[in-house]
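Note: the block below is protein_23.cif and it holds mmCIF, C-alpha atoms.
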```
data_model
loop_
_atom_site.label_atom_id
_atom_site.label_comp_id
_atom_site.auth_asym_id
_atom_site.auth_seq_id
_atom_site.Cartn_x
_atom_site.Cartn_y
_atom_site.Cartn_z
CA MET A 179 68.92 74.22 66.47
CA TYR A 180 69.42 70.81 64.89
CA LEU A 181 71.74 72.31 62.26
CA ARG A 182 73.84 73.98 64.94
CA TRP A 183 74.05 70.74 66.94
CA ARG A 184 75.11 68.91 63.77
CA ARG A 185 77.73 71.56 62.90
CA ASP A 186 79.19 71.38 66.42
CA ARG A 187 79.48 67.60 66.17
CA ILE A 188 81.22 67.80 62.79
CA ILE A 189 83.73 70.36 64.14
CA LEU A 190 84.41 68.17 67.18
CA ALA A 191 84.92 65.05 65.07
CA ALA A 192 87.20 66.91 62.64
CA LEU A 193 89.38 68.35 65.43
CA ILE A 194 89.65 64.98 67.18
CA MET A 195 90.75 63.40 63.90
CA VAL A 196 93.32 66.15 63.27
CA SER A 197 94.67 65.73 66.84
CA ILE A 198 95.00 61.98 66.39
CA ALA A 199 96.65 62.53 62.99
CA ILE A 200 99.22 64.91 64.56
CA LEU A 201 99.80 62.45 67.40
CA THR A 202 100.37 59.60 64.95
CA LEU A 203 102.57 61.70 62.68
CA HIS A 204 104.71 62.80 65.62
CA PHE A 205 105.23 59.21 66.73
CA ARG A 206 105.98 57.87 63.26
CA GLU A 207 108.03 60.59 61.62
CA SER A 208 111.79 61.09 61.99
CA GLU A 209 113.48 63.93 63.88
CA GLU A 210 113.45 65.94 60.66
CA GLY A 211 109.72 65.49 60.14
CA LEU A 212 107.23 68.36 59.93
CA VAL A 213 105.83 68.19 63.48
CA HIS A 214 109.29 67.91 65.04
CA ARG A 215 110.50 70.88 62.99
CA VAL A 216 107.49 73.01 64.00
CA GLN A 217 108.09 71.98 67.62
CA ARG A 218 111.75 73.04 67.45
CA ILE A 219 110.84 76.40 65.90
CA THR A 220 108.16 77.07 68.56
CA VAL A 221 110.53 76.15 71.41
CA GLY A 222 113.16 78.43 69.85
CA LEU A 223 110.69 81.32 69.63
CA ILE A 224 109.41 80.99 73.17
CA ALA A 225 112.80 80.33 74.84
CA PRO A 226 113.97 83.98 75.05
CA LEU A 227 110.63 84.93 76.60
CA GLN A 228 110.90 82.12 79.14
CA ALA A 229 114.47 83.11 79.97
CA GLY A 230 113.45 86.77 80.46
CA VAL A 231 110.52 85.98 82.75
CA SER A 232 112.59 83.42 84.62
CA ARG A 233 115.19 86.12 85.37
CA MET A 234 112.47 88.55 86.52
CA VAL A 235 110.70 86.01 88.71
CA ASP A 236 113.80 84.48 90.31
CA PRO A 237 114.48 87.21 92.95
CA PHE A 238 110.83 87.04 94.17
CA ARG A 239 110.86 83.28 94.23
CA HIS A 240 114.12 83.16 96.14
CA GLY A 241 112.77 85.74 98.61
CA ILE A 242 109.61 83.70 99.22
CA HIS A 243 111.62 80.51 99.62
CA PHE A 244 113.94 82.25 102.06
CA LEU A 245 111.05 83.47 104.22
CA ALA A 246 109.45 80.02 104.17
CA GLU A 247 112.66 78.36 105.18
CA ILE A 248 113.83 80.78 107.88
CA ARG A 249 112.35 78.79 110.77
CA ASP A 250 114.22 75.70 109.63
CA LEU A 251 117.52 77.54 109.29
CA LYS A 252 118.46 77.42 112.98
CA ARG A 253 117.91 73.67 113.21
CA GLU A 254 119.70 73.24 109.90
CA ASN A 255 122.63 75.31 111.18
CA GLU A 256 123.09 73.03 114.21
CA ARG A 257 122.90 69.96 112.04
CA LEU A 258 125.38 71.41 109.56
CA LYS A 259 127.88 72.21 112.33
CA ARG A 260 127.81 68.58 113.44
CA GLU A 261 128.04 67.48 109.84
CA VAL A 262 131.05 69.74 109.17
CA ALA A 263 132.89 68.19 112.10
CA GLU A 264 132.13 64.70 110.80
CA LEU A 265 133.07 65.66 107.25
CA LYS A 266 136.40 67.06 108.40
CA ARG A 267 137.20 63.70 109.95
CA ASP A 268 136.02 61.91 106.80
CA LEU A 269 138.05 64.24 104.60
CA ILE A 270 141.27 63.37 106.38
CA SER A 271 140.66 59.65 105.96
CA LEU A 272 139.59 60.20 102.34
CA LYS A 273 142.81 62.02 101.57
CA VAL A 274 144.73 59.04 102.88
CA VAL A 275 142.61 56.67 100.76
CA ALA A 276 142.94 58.91 97.66
CA LYS A 277 146.71 58.88 97.92
CA GLU A 278 146.70 55.13 98.31
CA ASN A 279 144.31 54.83 95.37
CA GLN A 280 146.51 57.01 93.17
CA ARG A 281 149.53 54.93 94.06
CA LEU A 282 147.71 51.69 93.29
CA ARG A 283 146.41 53.04 89.97
CA ARG A 284 149.93 53.89 88.94
CA LEU A 285 151.09 50.49 90.03
CA ILE A 286 148.59 48.51 87.99
CA GLY A 287 148.70 50.87 85.04
CA PHE A 288 145.10 52.06 85.01
CA LYS A 289 144.47 55.19 83.04
CA GLU A 290 143.07 58.12 84.92
CA LYS A 291 139.35 58.52 84.47
CA THR A 292 138.48 60.65 81.47
CA THR A 293 137.43 64.19 82.34
CA PHE A 294 134.18 65.19 80.70
CA GLU A 295 133.75 68.44 78.86
CA VAL A 296 130.72 70.14 80.35
CA LEU A 297 128.52 73.07 79.39
CA PRO A 298 126.60 74.85 82.19
CA ALA A 299 122.94 75.61 81.41
CA ARG A 300 120.06 77.29 83.21
CA ILE A 301 116.60 75.74 83.51
CA ILE A 302 114.07 78.07 81.89
CA GLY A 303 111.01 75.83 81.74
CA LYS A 304 109.47 72.71 83.20
CA SER A 305 106.77 70.35 81.99
CA PRO A 306 103.52 71.72 83.40
CA THR A 307 102.05 68.41 84.49
CA GLY A 308 103.32 65.65 86.71
CA TRP A 309 102.89 63.21 83.85
CA GLN A 310 106.13 63.94 82.07
CA ALA A 311 109.45 64.88 83.60
CA ILE A 312 110.78 67.31 81.02
CA ILE A 313 112.80 70.49 81.59
CA ILE A 314 113.90 73.16 79.13
CA LEU A 315 117.43 74.59 79.19
CA ASP A 316 118.72 77.88 77.82
CA LYS A 317 121.42 76.24 75.69
CA GLY A 318 120.81 74.77 72.24
CA SER A 319 122.47 73.64 69.05
CA ALA A 320 124.16 77.05 68.66
CA ASP A 321 126.06 76.27 71.89
CA GLY A 322 127.04 72.80 70.71
CA VAL A 323 124.22 70.86 72.37
CA ARG A 324 123.18 67.70 70.52
CA LYS A 325 120.50 65.09 71.05
CA TYR A 326 121.32 62.29 73.56
CA MET A 327 123.94 64.33 75.43
CA PRO A 328 123.82 63.39 79.13
CA VAL A 329 122.93 66.02 81.71
CA VAL A 330 124.35 65.95 85.25
CA VAL A 331 124.76 68.01 88.39
CA ASP A 332 127.27 67.63 91.22
CA GLU A 333 124.94 65.23 93.02
CA GLY A 334 124.55 62.87 90.06
CA LEU A 335 122.75 62.04 86.85
CA VAL A 336 119.84 64.27 85.74
CA GLY A 337 118.80 63.00 82.31
CA GLN A 338 119.50 63.37 78.62
CA VAL A 339 118.82 65.80 75.79
CA VAL A 340 115.78 64.69 73.79
CA GLY A 341 115.11 67.77 71.69
CA VAL A 342 117.28 70.68 70.54
CA SER A 343 116.50 74.01 68.91
CA SER A 344 119.06 76.73 68.26
CA HIS A 345 118.94 78.30 71.76
CA ALA A 346 117.06 75.79 73.89
CA ALA A 347 117.08 72.10 74.66
CA GLN A 348 114.47 69.72 76.06
CA ILE A 349 115.78 67.33 78.71
CA GLN A 350 114.08 64.11 79.66
CA LEU A 351 114.78 63.56 83.36
CA ILE A 352 115.64 60.07 84.58
CA THR A 353 112.40 60.21 86.58
CA ASP A 354 110.33 60.33 83.36
CA SER A 355 108.36 57.13 82.93
CA LYS A 356 109.70 56.70 79.38
CA SER A 357 113.33 57.09 80.46
CA GLY A 358 115.59 54.04 80.62
CA VAL A 359 119.21 54.14 81.79
CA SER A 360 121.54 51.16 81.96
CA CYS A 361 122.87 51.13 85.52
CA GLN A 362 124.97 49.03 87.80
CA ILE A 363 124.82 48.33 91.52
CA LEU A 364 128.27 49.29 92.74
CA SER A 365 128.56 46.67 95.49
CA THR A 366 127.40 43.62 93.51
CA GLY A 367 128.28 44.70 89.97
CA GLU A 368 124.85 43.64 88.68
CA ARG A 369 123.40 45.62 85.82
CA GLY A 370 119.81 46.65 85.28
CA ILE A 371 117.68 49.22 83.53
CA LEU A 372 116.73 52.22 85.64
CA GLN A 373 113.25 53.46 84.80
CA GLY A 374 111.32 56.45 86.02
CA GLU A 375 107.80 56.07 87.32
CA THR A 376 104.93 58.53 87.16
CA GLY A 377 105.27 60.42 90.41
CA GLY A 378 109.05 60.79 90.30
CA GLU A 379 110.26 57.47 91.71
CA LEU A 380 112.92 55.27 90.15
CA LYS A 381 113.03 51.51 89.84
CA LEU A 382 115.92 49.32 88.79
CA ASN A 383 114.65 46.44 86.66
CA PHE A 384 116.17 43.06 85.87
CA ILE A 385 118.09 42.57 89.13
CA PRO A 386 118.16 38.79 89.67
CA LYS A 387 116.24 37.29 92.56
CA ASP A 388 119.41 35.88 94.13
CA SER A 389 121.16 39.27 94.08
CA LYS A 390 122.92 40.34 97.31
CA VAL A 391 121.80 43.95 96.79
CA ARG A 392 121.13 45.82 100.03
CA LYS A 393 119.46 49.06 101.02
CA ALA A 394 121.69 52.14 100.62
CA ASP A 395 123.88 50.43 98.00
CA ALA A 396 125.13 52.97 95.46
CA VAL A 397 123.83 52.84 91.88
CA ILE A 398 125.93 54.19 89.00
CA THR A 399 125.62 54.28 85.22
CA SER A 400 127.05 51.20 83.53
CA GLY A 401 127.97 52.83 80.22
CA LEU A 402 126.11 50.22 78.19
CA GLY A 403 124.23 51.67 75.24
CA GLY A 404 126.64 54.51 74.77
CA VAL A 405 124.40 57.38 75.92
CA PHE A 406 125.66 57.80 79.47
CA PRO A 407 129.34 57.41 80.29
CA PRO A 408 130.03 54.75 82.91
CA GLY A 409 130.49 55.62 86.57
CA ILE A 410 128.11 58.56 86.94
CA PHE A 411 126.47 58.39 90.36
CA VAL A 412 122.68 57.99 90.13
CA GLY A 413 121.47 57.35 93.69
CA THR A 414 121.09 54.71 96.35
CA VAL A 415 118.86 51.67 96.75
CA SER A 416 115.90 52.69 98.89
CA GLU A 417 113.64 49.64 98.84
CA ILE A 418 113.93 46.00 97.87
CA LYS A 419 110.97 43.71 97.40
CA VAL A 420 110.95 40.06 96.45
CA ASN A 421 108.02 38.82 94.43
CA PRO A 422 107.77 35.04 95.06
CA TYR A 423 106.50 34.46 91.52
CA GLY A 424 108.83 36.86 89.69
CA LEU A 425 112.25 36.30 88.19
CA TYR A 426 113.66 39.55 89.47
CA LYS A 427 113.81 41.63 92.60
CA GLU A 428 111.85 44.87 92.74
CA VAL A 429 114.52 47.45 93.50
CA LYS A 430 113.62 51.09 94.09
CA VAL A 431 116.30 53.75 93.84
CA LYS A 432 116.35 57.15 95.48
CA SER A 433 118.07 59.69 93.26
CA SER A 434 120.71 61.83 94.87
CA VAL A 435 119.35 64.81 92.91
CA ASP A 436 116.47 66.92 94.23
CA PHE A 437 114.73 67.52 90.91
CA SER A 438 112.26 70.01 92.37
CA LYS A 439 115.09 72.38 93.29
CA LEU A 440 117.19 72.12 90.14
CA GLU A 441 118.14 75.48 88.69
CA GLU A 442 121.36 74.88 86.81
CA VAL A 443 122.77 71.74 85.25
CA LEU A 444 125.79 70.60 83.29
CA ILE A 445 125.52 69.11 79.80
CA ILE A 446 128.26 66.60 79.00
CA THR A 447 129.30 67.63 75.50
CA ASN A 448 131.73 64.81 74.82
CA PRO A 449 129.67 61.72 75.67
CA PRO A 450 130.58 58.32 74.26
CA PRO A 451 129.32 57.71 70.71
CA LYS A 452 125.68 56.57 70.63
CA THR A 453 125.27 52.94 69.78
CA SER A 454 121.99 51.21 69.11
CA PHE A 455 121.11 49.47 72.34
CA PRO A 456 117.37 49.14 72.55
CA ALA A 457 117.06 49.14 76.33
CA GLU A 458 118.64 52.52 76.82
CA GLY A 459 117.95 56.00 75.62
CA GLY A 460 114.33 56.44 76.74
CA MET B 974 88.93 93.81 66.61
CA PRO B 975 87.36 90.60 65.23
CA SER B 976 86.30 88.28 68.03
CA TYR B 977 88.28 85.30 66.70
CA LEU B 978 91.47 87.38 66.67
CA LEU B 979 90.81 88.58 70.21
CA GLY B 980 90.14 84.97 71.24
CA PHE B 981 93.43 83.86 69.73
CA LEU B 982 95.31 86.67 71.51
CA VAL B 983 93.72 85.69 74.85
CA LEU B 984 94.75 82.08 74.22
CA LEU B 985 98.26 83.22 73.32
CA ALA B 986 98.46 85.24 76.55
CA ALA B 987 97.39 82.14 78.50
CA PHE B 988 100.05 80.13 76.69
CA ILE B 989 102.73 82.69 77.58
CA LEU B 990 101.61 82.62 81.23
CA GLN B 991 101.72 78.83 81.07
CA THR B 992 105.27 78.68 79.78
CA THR B 993 106.73 81.50 81.85
CA ILE B 994 104.86 82.01 85.13
CA ALA B 995 103.27 78.60 85.78
CA PRO B 996 106.58 76.73 86.34
CA HIS B 997 107.45 79.20 89.11
CA ILE B 998 104.20 78.86 91.05
CA ASP B 999 103.97 75.09 91.23
CA ILE B 1000 102.84 73.48 94.46
CA ARG B 1001 104.53 70.12 95.05
CA GLY B 1002 105.09 69.71 91.32
CA VAL B 1003 101.52 70.63 90.33
CA GLN B 1004 101.20 73.66 88.07
CA PRO B 1005 98.05 75.58 87.18
CA ASP B 1006 96.71 75.10 83.65
CA PHE B 1007 95.96 78.65 82.46
CA ILE B 1008 95.20 77.42 78.95
CA LEU B 1009 92.52 75.07 80.24
CA ILE B 1010 90.86 77.80 82.31
CA VAL B 1011 90.75 80.10 79.26
CA VAL B 1012 89.45 77.34 76.97
CA VAL B 1013 86.70 76.37 79.39
CA THR B 1014 85.69 79.99 79.99
CA TYR B 1015 85.47 80.60 76.23
CA ALA B 1016 83.43 77.44 75.84
CA PHE B 1017 80.98 78.61 78.52
CA ILE B 1018 80.52 81.90 76.67
CA GLU B 1019 80.61 80.81 73.03
CA GLY B 1020 79.36 77.23 73.05
CA PRO B 1021 80.77 73.84 72.02
CA ALA B 1022 82.06 74.73 68.53
CA ILE B 1023 84.25 77.63 69.67
CA GLY B 1024 85.08 75.70 72.86
CA SER B 1025 86.48 72.77 70.91
CA VAL B 1026 88.38 75.02 68.44
CA ALA B 1027 89.91 77.00 71.35
CA GLY B 1028 90.75 73.71 73.06
CA PHE B 1029 92.44 72.37 69.95
CA PHE B 1030 94.65 75.42 69.36
CA GLY B 1031 95.39 75.96 73.07
CA GLY B 1032 96.31 72.31 73.48
CA LEU B 1033 98.44 72.32 70.35
CA LEU B 1034 100.44 75.37 71.52
CA HIS B 1035 100.93 73.60 74.84
CA ASP B 1036 102.11 70.42 73.05
CA LEU B 1037 104.60 72.21 70.84
CA VAL B 1038 106.63 73.65 73.71
CA LEU B 1039 105.97 71.69 76.84
CA THR B 1040 105.53 68.03 75.99
CA GLN B 1041 107.18 65.23 74.09
CA ILE B 1042 103.86 63.88 72.76
CA VAL B 1043 102.59 66.45 70.28
CA GLY B 1044 98.83 66.29 69.77
CA ILE B 1045 97.85 64.86 73.14
CA HIS B 1046 96.79 68.10 74.82
CA ALA B 1047 95.13 69.22 71.59
CA LEU B 1048 93.00 66.06 71.74
CA CYS B 1049 92.18 66.36 75.46
CA LYS B 1050 91.38 70.05 75.40
CA THR B 1051 89.29 69.76 72.21
CA ILE B 1052 87.00 67.31 74.00
CA VAL B 1053 86.96 69.33 77.23
CA GLY B 1054 86.20 72.53 75.28
CA TYR B 1055 83.29 70.81 73.57
CA VAL B 1056 81.83 69.36 76.77
CA ALA B 1057 82.24 72.67 78.61
CA GLY B 1058 80.47 74.39 75.72
CA LEU B 1059 77.43 72.19 76.20
CA VAL B 1060 76.70 74.03 79.44
CA GLU B 1061 77.00 77.33 77.51
CA ARG B 1062 75.73 80.31 79.44
CA THR B 1063 73.90 78.22 82.02
CA ILE B 1064 77.02 78.61 84.13
CA PHE B 1065 76.82 82.42 84.06
CA ALA B 1066 75.77 83.37 87.52
CA GLU B 1067 76.37 86.07 90.08
CA SER B 1068 78.46 83.71 92.14
CA ILE B 1069 82.00 82.71 91.14
CA PHE B 1070 81.52 79.32 92.82
CA LEU B 1071 79.68 77.79 89.86
CA PRO B 1072 82.49 78.53 87.38
CA MET B 1073 85.00 77.30 89.99
CA ALA B 1074 83.14 74.02 90.33
CA ALA B 1075 82.79 73.73 86.55
CA ILE B 1076 86.53 74.31 86.02
CA PHE B 1077 87.27 71.76 88.74
CA LEU B 1078 85.19 69.19 86.82
CA ALA B 1079 86.68 70.23 83.46
CA SER B 1080 90.21 69.78 84.88
CA LEU B 1081 89.29 66.32 86.16
CA LEU B 1082 87.90 65.41 82.72
CA ASN B 1083 90.99 66.81 80.98
CA GLN B 1084 93.38 64.79 83.17
CA LEU B 1085 91.28 61.62 82.94
CA ILE B 1086 91.29 61.78 79.13
CA TYR B 1087 95.05 62.44 79.26
CA ALA B 1088 95.53 59.41 81.52
CA ALA B 1089 93.46 57.23 79.19
CA VAL B 1090 95.40 58.37 76.10
CA ILE B 1091 98.87 57.87 77.59
CA PHE B 1092 97.75 54.48 78.89
CA LEU B 1093 96.74 53.58 75.31
CA LEU B 1094 100.14 54.85 74.12
CA GLY B 1095 101.88 52.35 76.38
CA TYR B 1096 102.74 54.42 79.44
CA GLU B 1097 102.36 52.87 82.85
CA VAL B 1098 99.56 54.67 84.73
CA PRO B 1099 99.34 53.84 88.46
CA PHE B 1100 95.82 55.26 88.57
CA LEU B 1101 95.24 55.72 92.28
CA MET B 1102 98.62 57.38 92.76
CA VAL B 1103 98.19 59.83 89.86
CA LEU B 1104 94.63 60.54 90.94
CA MET B 1105 95.85 61.61 94.37
CA THR B 1106 99.09 63.35 93.35
CA ILE B 1107 98.26 64.90 89.96
CA ILE B 1108 94.62 64.80 88.89
CA ILE B 1109 92.83 66.02 92.02
CA PRO B 1110 95.50 68.57 93.15
CA SER B 1111 95.68 70.16 89.70
CA ALA B 1112 91.87 70.36 89.52
CA PHE B 1113 91.87 72.15 92.89
CA TYR B 1114 94.65 74.50 91.80
CA ASN B 1115 92.85 75.43 88.55
CA SER B 1116 89.64 75.91 90.45
CA LEU B 1117 91.35 78.24 92.97
CA LEU B 1118 92.79 80.37 90.15
CA THR B 1119 89.39 80.69 88.47
CA PRO B 1120 88.38 83.90 90.36
CA LEU B 1121 91.53 85.57 88.97
CA VAL B 1122 91.31 84.39 85.35
CA TYR B 1123 87.59 83.86 84.68
CA PRO B 1124 86.34 87.47 85.15
CA VAL B 1125 89.17 88.83 82.95
CA VAL B 1126 88.44 86.39 80.11
CA CYS B 1127 84.67 86.97 80.46
CA LYS B 1128 85.18 90.71 80.17
CA LEU B 1129 87.38 90.34 77.09
CA ALA B 1130 85.16 87.76 75.41
CA THR B 1131 81.76 89.36 75.90
CA PRO B 1132 81.19 92.48 73.79
#
```

Let me see whether you can do it: turn the structure in this file into structure tokens.
Amino acid sequence: MYLRWRRDRIILAALIMVSIAILTLHFRESEEGLVHRVQRITVGLIAPLQAGVSRMVDPFRHGIHFLAEIRDLKRENERLKREVAELKRDLISLKVVAKENQRLRRLIGFKEKTTFEVLPARIIGKSPTGWQAIIILDKGSADGVRKYMPVVVDEGLVGQVVGVSSHAAQIQLITDSKSGVSCQILSTGERGILQGETGGELKLNFIPKDSKVRKADAVITSGLGGVFPPGIFVGTVSEIKVNPYGLYKEVKVKSSVDFSKLEEVLIITNPPPKTSFPAEGG
Amino acid sequence: MPSYLLGFLVLLAAFILQTTIAPHIDIRGVQPDFILIVVVTYAFIEGPAIGSVAGFFGGLLHDLVLTQIVGIHALCKTIVGYVAGLVERTIFAESIFLPMAAIFLASLLNQLIYAAVIFLLGYEVPFLMVLMTIIIPSAFYNSLLTPLVYPVVCKLATP
């Protein structure tokens, strides 16, 4: 009995030590280190399986979602009709503004905004806990995906590539608590670092106390750090708090992207060259 | 078939379920942890040594595909497997409610160790918020799935 108890303790201690050793090695080694390589190989092996099951499960999931949402559809329809009417009005005024904008750009000699090259990708896996905001895409290095490439959808910024195997890529969402994106408040021009928080919220750090930032102000990427191109829409300011003893305002940002419903994303394959800027890159 | 090979295959099946099915059955971002349920069930049957070994390998598989911090789930599940193994066989009962309660507690322990480790690694852990939105909901979810997974693993693991 005593011998068995002692053996169990030794096994436990040994496994804890091995786990801590792997953890340490993973943190300290480079991207080409042993643990990272094993991780890439495992992700590459499991990706086809994930993609297959994802394709099988999708019709059922969509069916269940449809049934769950049917009672909201009527209300949604009414709302959308009103919205369409408003949007039509907005569209007309936007066309006028766009023409004026184009004319002004030509006048002052601004270059047209660079068009990004994008690669569509399907989400085939998600981090199983709420602790980390990681998704897995079905495109990898064989498709031209590289580490640090930004990932977007129509609504705005999603995250960046943090791991790549031949046919899959790991994406760190901007809501991940280790993510940091250099952003700018559009109305005031002030720059800060957008960080994710456990639970999926976003906060914009380093906004000075005397800032004129207001709720609903748009937040875009600033381009500093070279990971994310400037001007990508991120979201809007949802909450502003002033700490009487702090140097900065506490600014919360609501992302324009509904991360829980993401199914397909776009990887920007011609991002600006990565520069070493310690505050960005997560 | 040797029991260790069978155990590894069961763990592998749980891992495949975890990577393929679990993301599609999340409830408000909380996914079930099939690997944990299998590890804890094995620990109940085989004791702390096998429990911790199953926890280590199950956690490591989990780490290699689904996280950016390799080794963290291996560490958490090793400890949980060991602790669950200490109640070896005493949990075997006619009622499924005891295993459900035990897996609820094991999930809580797993998440609390995880929280402690990531806190030590420098992550910000708003404890009350994660307790209410991650730790307790995932423990409930794992506990609710126990009647589906536990009998199958018990049948496979006991000769």

Residue by residue, what does the PyMOL selection byres ((chain A) within 7 of (chain B)) grab here? Present the result as JSON, numbers by chain.
{"A": [186, 189, 190, 193, 194, 197, 198, 200, 201, 204, 217, 220, 221, 228, 231, 232, 303, 304, 305, 306, 307, 308]}

In Å, with one decimal, what is the gap from CA of Val1090 in chain B to CA of Leu1104 in chain B?
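Distance between the two atoms: 15.0 Å.
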
I'd like the residues picked by the PyMOL selection byres ((chain A and resi 387) around 12) written out as a list in words, using the chain letters and numbers from the file.
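That expression, the PyMOL selection byres ((chain A and resi 387) around 12), corresponds here to Glu368, Asn383, Phe384, Ile385, Pro386, Asp388, Ser389, Lys390, Val391, Ile418, Lys419, Val420, Asn421, Pro422, Tyr423, Gly424, Leu425, Tyr426, Lys427, Glu428 and Val429 of chain A.
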
Selection to disk with C-alpha atoms, as a compact mmCIF listing (two decimals), in the frame of the given file:
```txt
# COMPACT_ATOMS: atom_id res chain seq x y z
CA GLU A 368 124.85 43.64 88.68
CA ASN A 383 114.65 46.44 86.66
CA PHE A 384 116.17 43.06 85.87
CA ILE A 385 118.09 42.57 89.13
CA PRO A 386 118.16 38.79 89.67
CA ASP A 388 119.41 35.88 94.13
CA SER A 389 121.16 39.27 94.08
CA LYS A 390 122.92 40.34 97.31
CA VAL A 391 121.80 43.95 96.79
CA ILE A 418 113.93 46.00 97.87
CA LYS A 419 110.97 43.71 97.40
CA VAL A 420 110.95 40.06 96.45
CA ASN A 421 108.02 38.82 94.43
CA PRO A 422 107.77 35.04 95.06
CA TYR A 423 106.50 34.46 91.52
CA GLY A 424 108.83 36.86 89.69
CA LEU A 425 112.25 36.30 88.19
CA TYR A 426 113.66 39.55 89.47
CA LYS A 427 113.81 41.63 92.60
CA GLU A 428 111.85 44.87 92.74
CA VAL A 429 114.52 47.45 93.50
```

List as CSV every residue of range 387-459 of chain A that is in contact with range 294-297 of chain A, defined as an atom at most 8 Å from one of its atoms (using all atoms listed in the file), together with the nearest atom pair and the distance in Å rounded to one decimal, sorted by chain and then rising number.
```
residue,atom,partner,partner_atom,distance
A:Leu444,CA,A:Leu297,CA,5.4
A:Ile445,CA,A:Leu297,CA,5.0
A:Ile446,CA,A:Val296,CA,4.5
A:Thr447,CA,A:Glu295,CA,5.6
A:Asn448,CA,A:Glu295,CA,5.8
A:Pro449,CA,A:Phe294,CA,7.6
```

Take the residues just selected and output them with C-alpha atoms as a compact mmCIF listing (two decimals), in the coordinates of the input.
```
# COMPACT_ATOMS: atom_id res chain seq x y z
CA LEU A 444 125.79 70.60 83.29
CA ILE A 445 125.52 69.11 79.80
CA ILE A 446 128.26 66.60 79.00
CA THR A 447 129.30 67.63 75.50
CA ASN A 448 131.73 64.81 74.82
CA PRO A 449 129.67 61.72 75.67
```

Rounded to one decimal, what separation in Å do you get between CA of Leu227 in chain A and CA of Ile302 in chain A?
9.3 Å

Kindly resolve the PyMOL selection byres ((chain A and resi 408) around 10) on the present coordinates and return the residues as a list in words.
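When the PyMOL selection byres ((chain A and resi 408) around 10) is applied to the shown file, the picked residues are Ser360, Cys361, Gln362, Ile398, Thr399, Ser400, Gly401, Leu402, Gly404, Val405, Phe406, Pro407, Gly409, Ile410, Phe411 and Pro450 of chain A.
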
CA of Ala1130 in chain B to CA of Ala191 in chain A, distance in Å rounded to a single decimal
25.0 Å

Excluding Val397 in chain A and its own-chain neighbours fewer than 4 positions away, which residues fall within 8 Å of it when counting all atoms listed in the file? Please give them as number ranges by chain.
A: 361-364, 411-415, 431

Using only C-alpha atoms, which of A:Val330, A:Leu272, A:Met234, A:Ile219 sits nearest Ser343 in chain A?
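Residue with the minimum atom-to-atom distance to Ser343 in chain A: A:Ile219.
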
Up to 6 Å from (120.5, 62.6, 73.4) in the file's coordinates: name the residues, counting all atoms listed in the file, as a list in words.
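Collected hits near the coordinates: Lys325, Tyr326, Met327, Gln338, Val339 and Val340 of chain A.
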
Using the atoms already present, construct N, CA and C atoms for range 354-365 of chain A and hand them back as a compact mmCIF listing (two decimals), keeping the file's coordinate frame.
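The resulting selection.txt:
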```txt
# COMPACT_ATOMS: atom_id res chain seq x y z
N ASP A 354 111.41 60.44 84.34
CA ASP A 354 110.33 60.33 83.36
C ASP A 354 110.01 58.85 83.14
N SER A 355 108.73 58.55 83.01
CA SER A 355 108.36 57.13 82.93
C SER A 355 108.79 56.48 81.61
N LYS A 356 109.21 57.29 80.63
CA LYS A 356 109.70 56.70 79.38
C LYS A 356 111.24 56.67 79.34
N SER A 357 111.87 57.09 80.43
CA SER A 357 113.33 57.09 80.46
C SER A 357 113.85 55.71 80.85
N GLY A 358 114.95 55.31 80.26
CA GLY A 358 115.59 54.04 80.62
C GLY A 358 117.09 54.21 80.60
N VAL A 359 117.75 53.95 81.70
CA VAL A 359 119.21 54.14 81.79
C VAL A 359 119.85 52.83 82.26
N SER A 360 120.85 52.38 81.54
CA SER A 360 121.54 51.16 81.96
C SER A 360 122.43 51.49 83.16
N CYS A 361 122.15 50.82 84.28
CA CYS A 361 122.87 51.13 85.52
C CYS A 361 123.46 49.88 86.14
N GLN A 362 124.26 50.11 87.14
CA GLN A 362 124.97 49.03 87.80
C GLN A 362 124.93 49.28 89.31
N ILE A 363 124.72 48.20 90.06
CA ILE A 363 124.82 48.33 91.52
C ILE A 363 126.30 48.21 91.86
N LEU A 364 126.82 49.22 92.54
CA LEU A 364 128.27 49.29 92.74
C LEU A 364 128.78 48.10 93.55
N SER A 365 128.05 47.71 94.59
CA SER A 365 128.56 46.67 95.49
C SER A 365 128.55 45.28 94.86
```
